[in-house]
Amino acid sequence: MVKIIMHGCNGRMGQMITGIVKDRDDAEIVAGIDVFDKITNTYPVFTDIDACDVPADVVIDFSSASAVDKLMDYCEKKNLPLVLCSTGLSEDQLSRVKALSEKIAVLKSANMSLGINLLLKLLKDAAGVLASSGFDIEIVEKHHRMKLDAPSGTALALADSVNEALGNEYEYVYDRSTRREKRPDKEIGISAVRGGTIVGDHDVIFAGTDEVITFSHSAYSRAVFAKGAVSAAVFLAGKGPGLYDMSNVIDASLS
């Protein structure tokens, strides 16, 4: 039985994960961390992570970028593997994640769903063929009105997957309102839509002469991310230092 600390336990994803873990026989949440402690859970909740003294095997984080620094300090001190799902991390924080992974197991993914992680692989093949044939690349992501960061971490991960296949020669452009010029060849446009209760839609558009190819992924429930996060935690528990991602979880499930 994998013992989990849920960081951000009273947020939307924290509560979704709490419900999913209840139905699994290979994991349990033994403690939660959240500044908001007015929700009743079956496990103890700490408003300060440093006060948490409950033994555990792994931490799942679905909080905010502002809470990640203290979380990483805690996991390093406790030698606890970390499933890091918060997005909007700064360059300094991303550098810290890489350094931390040399000491403990860290699984970082901008999106925990199986579909998105399969799409990341498919895009590399598509980009190699279509970009060389003159196709322009645009990414449009849509999320609910409460999402704080833009563009989404998933949109950036999709762009990175495409750019990696193209030798990292493409520039990311988030706003064209201040310029009047023809679209450069080597750019990836990334647009963010915020509204209503959209869980998460991502379109990667390859626009060529007289034809358009679009790769789309729509999440209809946060459960797809929650299930992935729990599977990642079960996978990561007991692992040695290293920087893992969802492709490692997928490969392990197939072996």
# chains A, B, ... in the order shown; residues from 1 in each chain; ligands from 1

call {"tool": "residues_around", "arguments": {"residues": "region 110-115 of chain A", "least_positions_apart": "3", "cutoff": "6 Å", "atoms": "only C-alpha atoms", "output": "ChimeraX atom specification"}}
result
/A:118,153-154,224-225,228-229

call {"tool": "write_last_selection", "arguments": {"atoms": "all heavy atoms", "output": "PDB file, in the first residue's frame"}}
result
ATOM      1  N   LEU A 118       0.377  10.588 -25.095  1.00  0.00           N
ATOM      2  CA  LEU A 118       0.477   9.926 -26.396  1.00  0.00           C
ATOM      3  C   LEU A 118       0.587  10.973 -27.507  1.00  0.00           C
ATOM      4  O   LEU A 118       1.366  10.826 -28.454  1.00  0.00           O
ATOM      5  CB  LEU A 118      -0.739   9.035 -26.629  1.00  0.00           C
ATOM      6  CG  LEU A 118      -0.812   8.327 -27.981  1.00  0.00           C
ATOM      7  CD1 LEU A 118       0.405   7.433 -28.194  1.00  0.00           C
ATOM      8  CD2 LEU A 118      -2.100   7.521 -28.091  1.00  0.00           C
ATOM      9  N   GLY A 153       0.488  24.890 -19.017  1.00  0.00           N
ATOM     10  CA  GLY A 153       1.694  24.071 -19.049  1.00  0.00           C
ATOM     11  C   GLY A 153       1.623  23.011 -20.129  1.00  0.00           C
ATOM     12  O   GLY A 153       2.640  22.662 -20.742  1.00  0.00           O
ATOM     13  N   THR A 154       0.423  22.520 -20.388  1.00  0.00           N
ATOM     14  CA  THR A 154       0.256  21.510 -21.433  1.00  0.00           C
ATOM     15  C   THR A 154       0.526  22.090 -22.811  1.00  0.00           C
ATOM     16  O   THR A 154       1.184  21.458 -23.650  1.00  0.00           O
ATOM     17  CB  THR A 154      -1.168  20.924 -21.385  1.00  0.00           C
ATOM     18  OG1 THR A 154      -1.378  20.305 -20.116  1.00  0.00           O
ATOM     19  CG2 THR A 154      -1.373  19.889 -22.482  1.00  0.00           C
ATOM     20  N   VAL A 224      -9.476  12.495 -15.458  1.00  0.00           N
ATOM     21  CA  VAL A 224      -8.402  11.919 -16.281  1.00  0.00           C
ATOM     22  C   VAL A 224      -7.031  12.326 -15.746  1.00  0.00           C
ATOM     23  O   VAL A 224      -6.070  11.554 -15.794  1.00  0.00           O
ATOM     24  CB  VAL A 224      -8.531  12.322 -17.772  1.00  0.00           C
ATOM     25  CG1 VAL A 224      -9.828  11.787 -18.351  1.00  0.00           C
ATOM     26  CG2 VAL A 224      -8.424  13.824 -17.974  1.00  0.00           C
ATOM     27  N   PHE A 225      -6.939  13.549 -15.215  1.00  0.00           N
ATOM     28  CA  PHE A 225      -5.679  14.008 -14.647  1.00  0.00           C
ATOM     29  C   PHE A 225      -5.442  13.384 -13.272  1.00  0.00           C
ATOM     30  O   PHE A 225      -4.313  13.033 -12.927  1.00  0.00           O
ATOM     31  CB  PHE A 225      -5.671  15.531 -14.520  1.00  0.00           C
ATOM     32  CG  PHE A 225      -6.139  16.246 -15.759  1.00  0.00           C
ATOM     33  CD1 PHE A 225      -7.158  17.176 -15.709  1.00  0.00           C
ATOM     34  CD2 PHE A 225      -5.562  15.974 -16.989  1.00  0.00           C
ATOM     35  CE1 PHE A 225      -7.587  17.831 -16.845  1.00  0.00           C
ATOM     36  CE2 PHE A 225      -5.978  16.617 -18.141  1.00  0.00           C
ATOM     37  CZ  PHE A 225      -6.999  17.556 -18.065  1.00  0.00           C
ATOM     38  N   GLY A 228      -4.293   9.767 -13.558  1.00  0.00           N
ATOM     39  CA  GLY A 228      -2.899   9.730 -13.977  1.00  0.00           C
ATOM     40  C   GLY A 228      -1.955  10.064 -12.842  1.00  0.00           C
ATOM     41  O   GLY A 228      -0.895   9.447 -12.693  1.00  0.00           O
ATOM     42  N   ALA A 229      -2.326  11.041 -12.018  1.00  0.00           N
ATOM     43  CA  ALA A 229      -1.476  11.453 -10.900  1.00  0.00           C
ATOM     44  C   ALA A 229      -1.327  10.331  -9.879  1.00  0.00           C
ATOM     45  O   ALA A 229      -0.236  10.104  -9.346  1.00  0.00           O
ATOM     46  CB  ALA A 229      -2.055  12.697 -10.232  1.00  0.00           C
TER      47      ALA A 229
END

call {"tool": "residues_around", "arguments": {"residues": "Tyr244 (chain A)", "least_positions_apart": "4", "cutoff": "10 Å", "atoms": "only C-alpha atoms", "output": "list of chain:residue names"}}
result
A:Leu82, A:Val83, A:Ser101, A:Ala105, A:Val106, A:Leu107, A:Lys108, A:Ser109, A:Ala232, A:Leu236, A:Lys239, A:Asn248, A:Val249

call {"tool": "residues_around", "arguments": {"residues": "region 128-137 of chain A", "least_positions_apart": "5", "cutoff": "6 Å", "atoms": "only C-alpha atoms", "output": "list in words"}}
result
Ile188, Ile205, Phe206, Ala207 and Gly208 of chain A

call {"tool": "closest_residue", "arguments": {"among": "A:Glu164, A:Met146, A:Arg194, A:Ile116", "to": "Ile250 (chain A)", "atoms": "only C-alpha atoms"}}
result
A:Ile116

call {"tool": "atom_distance", "arguments": {"atom1": "CA of Leu148 (chain A)", "atom2": "CA of Gln15 (chain A)"}}
result
18.7 Å

call {"tool": "atom_distance", "arguments": {"atom1": "CA of Leu122 (chain A)", "atom2": "CA of Ile139 (chain A)"}}
result
14.9 Å

call {"tool": "closest_atom_pairs", "arguments": {"of": "region 127-191 of chain A", "to": "region 195-201 of chain A", "cutoff": "7 Å", "atoms": "only C-alpha atoms", "output": "tab-separated table"}}
result
residue	atom	partner	partner_atom	distance
A:Glu141	CA	A:Asp201	CA	5.6
A:Lys142	CA	A:Asp201	CA	5.0
A:His143	CA	A:Ile198	CA	4.8
A:His144	CA	A:Ile198	CA	4.4
A:Arg145	CA	A:Gly195	CA	4.2

call {"tool": "write_last_selection", "arguments": {"atoms": "all heavy atoms", "output": "PDB file, in the first residue's frame"}}
result
ATOM      1  N   GLU A 141      -5.193  26.769 -26.806  1.00  0.00           N
ATOM      2  CA  GLU A 141      -5.643  26.040 -25.620  1.00  0.00           C
ATOM      3  C   GLU A 141      -6.775  26.788 -24.942  1.00  0.00           C
ATOM      4  O   GLU A 141      -6.809  28.022 -24.941  1.00  0.00           O
ATOM      5  CB  GLU A 141      -4.472  25.799 -24.655  1.00  0.00           C
ATOM      6  CG  GLU A 141      -3.754  27.036 -24.176  1.00  0.00           C
ATOM      7  CD  GLU A 141      -4.216  27.515 -22.811  1.00  0.00           C
ATOM      8  OE1 GLU A 141      -5.311  27.130 -22.372  1.00  0.00           O
ATOM      9  OE2 GLU A 141      -3.472  28.303 -22.200  1.00  0.00           O
ATOM     10  N   LYS A 142      -7.730  26.037 -24.386  1.00  0.00           N
ATOM     11  CA  LYS A 142      -8.901  26.617 -23.713  1.00  0.00           C
ATOM     12  C   LYS A 142      -9.046  25.996 -22.331  1.00  0.00           C
ATOM     13  O   LYS A 142      -8.964  24.767 -22.186  1.00  0.00           O
ATOM     14  CB  LYS A 142     -10.165  26.344 -24.534  1.00  0.00           C
ATOM     15  CG  LYS A 142     -10.091  26.796 -25.987  1.00  0.00           C
ATOM     16  CD  LYS A 142     -11.297  26.296 -26.766  1.00  0.00           C
ATOM     17  CE  LYS A 142     -11.141  26.546 -28.258  1.00  0.00           C
ATOM     18  NZ  LYS A 142     -12.243  25.951 -29.036  1.00  0.00           N
ATOM     19  N   HIS A 143      -9.255  26.856 -21.339  1.00  0.00           N
ATOM     20  CA  HIS A 143      -9.455  26.379 -19.968  1.00  0.00           C
ATOM     21  C   HIS A 143     -10.511  27.228 -19.261  1.00  0.00           C
ATOM     22  O   HIS A 143     -10.899  28.298 -19.743  1.00  0.00           O
ATOM     23  CB  HIS A 143      -8.142  26.425 -19.176  1.00  0.00           C
ATOM     24  CG  HIS A 143      -7.217  25.293 -19.489  1.00  0.00           C
ATOM     25  ND1 HIS A 143      -6.300  25.350 -20.519  1.00  0.00           N
ATOM     26  CD2 HIS A 143      -7.060  24.069 -18.924  1.00  0.00           C
ATOM     27  CE1 HIS A 143      -5.618  24.217 -20.567  1.00  0.00           C
ATOM     28  NE2 HIS A 143      -6.057  23.422 -19.619  1.00  0.00           N
ATOM     29  N   HIS A 144     -10.915  26.762 -18.113  1.00  0.00           N
ATOM     30  CA  HIS A 144     -11.928  27.437 -17.296  1.00  0.00           C
ATOM     31  C   HIS A 144     -11.441  28.816 -16.839  1.00  0.00           C
ATOM     32  O   HIS A 144     -10.243  29.110 -16.815  1.00  0.00           O
ATOM     33  CB  HIS A 144     -12.256  26.577 -16.066  1.00  0.00           C
ATOM     34  CG  HIS A 144     -11.051  26.174 -15.276  1.00  0.00           C
ATOM     35  ND1 HIS A 144     -10.517  26.944 -14.268  1.00  0.00           N
ATOM     36  CD2 HIS A 144     -10.242  25.088 -15.369  1.00  0.00           C
ATOM     37  CE1 HIS A 144      -9.456  26.353 -13.753  1.00  0.00           C
ATOM     38  NE2 HIS A 144      -9.261  25.223 -14.409  1.00  0.00           N
ATOM     39  N   ARG A 145     -12.363  29.639 -16.468  1.00  0.00           N
ATOM     40  CA  ARG A 145     -12.070  31.034 -16.135  1.00  0.00           C
ATOM     41  C   ARG A 145     -11.263  31.201 -14.841  1.00  0.00           C
ATOM     42  O   ARG A 145     -10.707  32.266 -14.569  1.00  0.00           O
ATOM     43  CB  ARG A 145     -13.370  31.833 -16.014  1.00  0.00           C
ATOM     44  CG  ARG A 145     -14.239  31.433 -14.837  1.00  0.00           C
ATOM     45  CD  ARG A 145     -15.633  32.052 -14.912  1.00  0.00           C
ATOM     46  NE  ARG A 145     -15.597  33.483 -15.121  1.00  0.00           N
ATOM     47  CZ  ARG A 145     -15.517  34.382 -14.130  1.00  0.00           C
ATOM     48  NH1 ARG A 145     -15.461  33.961 -12.873  1.00  0.00           N
ATOM     49  NH2 ARG A 145     -15.496  35.668 -14.387  1.00  0.00           N
TER      50      ARG A 145
END

call {"tool": "select_by_dssp", "arguments": {"residues": "region 22-235 of chain A", "states": "alpha helix (DSSP H)", "output": "ChimeraX atom specification"}}
result
/A:22,65-78,91-100,114-130,153-165,223-235

call {"tool": "atom_distance", "arguments": {"atom1": "CA of Tyr172 (chain A)", "atom2": "CA of Met13 (chain A)"}}
result
28.9 Å

call {"tool": "closest_residue", "arguments": {"among": "A:Leu243, A:Leu254, A:Ile5, A:Val193", "to": "Glu102 (chain A)", "atoms": "only C-alpha atoms"}}
result
A:Leu243

call {"tool": "residues_around", "arguments": {"residues": "Lys22 (chain A)", "least_positions_apart": "5", "cutoff": "12 Å", "atoms": "only C-alpha atoms", "output": "ChimeraX atom specification"}}
result
/A:4,15-17,27-30,41-43,227,230

call {"tool": "write_last_selection", "arguments": {"atoms": "N, CA, C and O atoms", "output": "compact mmCIF listing (two decimals), in the first residue's frame"}}
result
# COMPACT_ATOMS: atom_id res chain seq x y z
N ILE A 4 0.37 8.22 0.57
CA ILE A 4 0.48 9.47 -0.18
C ILE A 4 0.18 10.67 0.71
O ILE A 4 -0.79 10.65 1.48
N GLN A 15 -9.30 17.24 -4.15
CA GLN A 15 -10.51 16.52 -3.75
C GLN A 15 -10.87 15.42 -4.74
O GLN A 15 -11.36 14.36 -4.36
N MET A 16 -10.60 15.66 -6.02
CA MET A 16 -10.83 14.62 -7.02
C MET A 16 -9.93 13.42 -6.75
O MET A 16 -10.37 12.26 -6.80
N ILE A 17 -8.66 13.68 -6.47
CA ILE A 17 -7.71 12.60 -6.18
C ILE A 17 -8.10 11.87 -4.90
O ILE A 17 -8.01 10.64 -4.82
N ALA A 27 -3.23 2.15 -2.82
CA ALA A 27 -2.78 3.45 -2.35
C ALA A 27 -3.75 4.02 -1.33
O ALA A 27 -4.94 3.68 -1.31
N GLU A 28 -3.24 4.90 -0.46
CA GLU A 28 -4.07 5.63 0.49
C GLU A 28 -3.44 6.99 0.78
O GLU A 28 -2.22 7.14 0.74
N ILE A 29 -4.29 7.98 1.01
CA ILE A 29 -3.80 9.29 1.40
C ILE A 29 -3.73 9.32 2.92
O ILE A 29 -4.73 9.12 3.61
N VAL A 30 -2.54 9.60 3.44
CA VAL A 30 -2.33 9.56 4.89
C VAL A 30 -2.30 10.96 5.49
O VAL A 30 -2.42 11.12 6.72
N ASN A 41 -11.84 15.91 5.81
CA ASN A 41 -11.25 14.78 5.10
C ASN A 41 -11.08 13.61 6.07
O ASN A 41 -11.17 13.77 7.29
N THR A 42 -10.81 12.44 5.52
CA THR A 42 -10.60 11.26 6.35
C THR A 42 -9.17 11.18 6.86
O THR A 42 -8.82 10.26 7.58
N TYR A 43 -8.34 12.12 6.46
CA TYR A 43 -6.93 12.16 6.87
C TYR A 43 -6.64 13.54 7.47
O TYR A 43 -7.36 14.51 7.22
N LYS A 227 -6.57 10.46 -12.12
CA LYS A 227 -6.19 9.05 -12.25
C LYS A 227 -4.73 8.91 -12.65
O LYS A 227 -4.01 8.05 -12.14
N VAL A 230 -2.41 9.62 -9.61
CA VAL A 230 -2.35 8.52 -8.64
C VAL A 230 -1.50 7.38 -9.21
O VAL A 230 -0.67 6.79 -8.50

call {"tool": "closest_residue", "arguments": {"among": "A:Glu181, A:Val162, A:Pro241, A:Val35", "to": "Leu100 (chain A)", "atoms": "only C-alpha atoms"}}
result
A:Pro241

call {"tool": "closest_residue", "arguments": {"among": "A:Ser253, A:Thr47, A:Thr178, A:Asn79", "to": "Val59 (chain A)", "atoms": "only C-alpha atoms"}}
result
A:Asn79
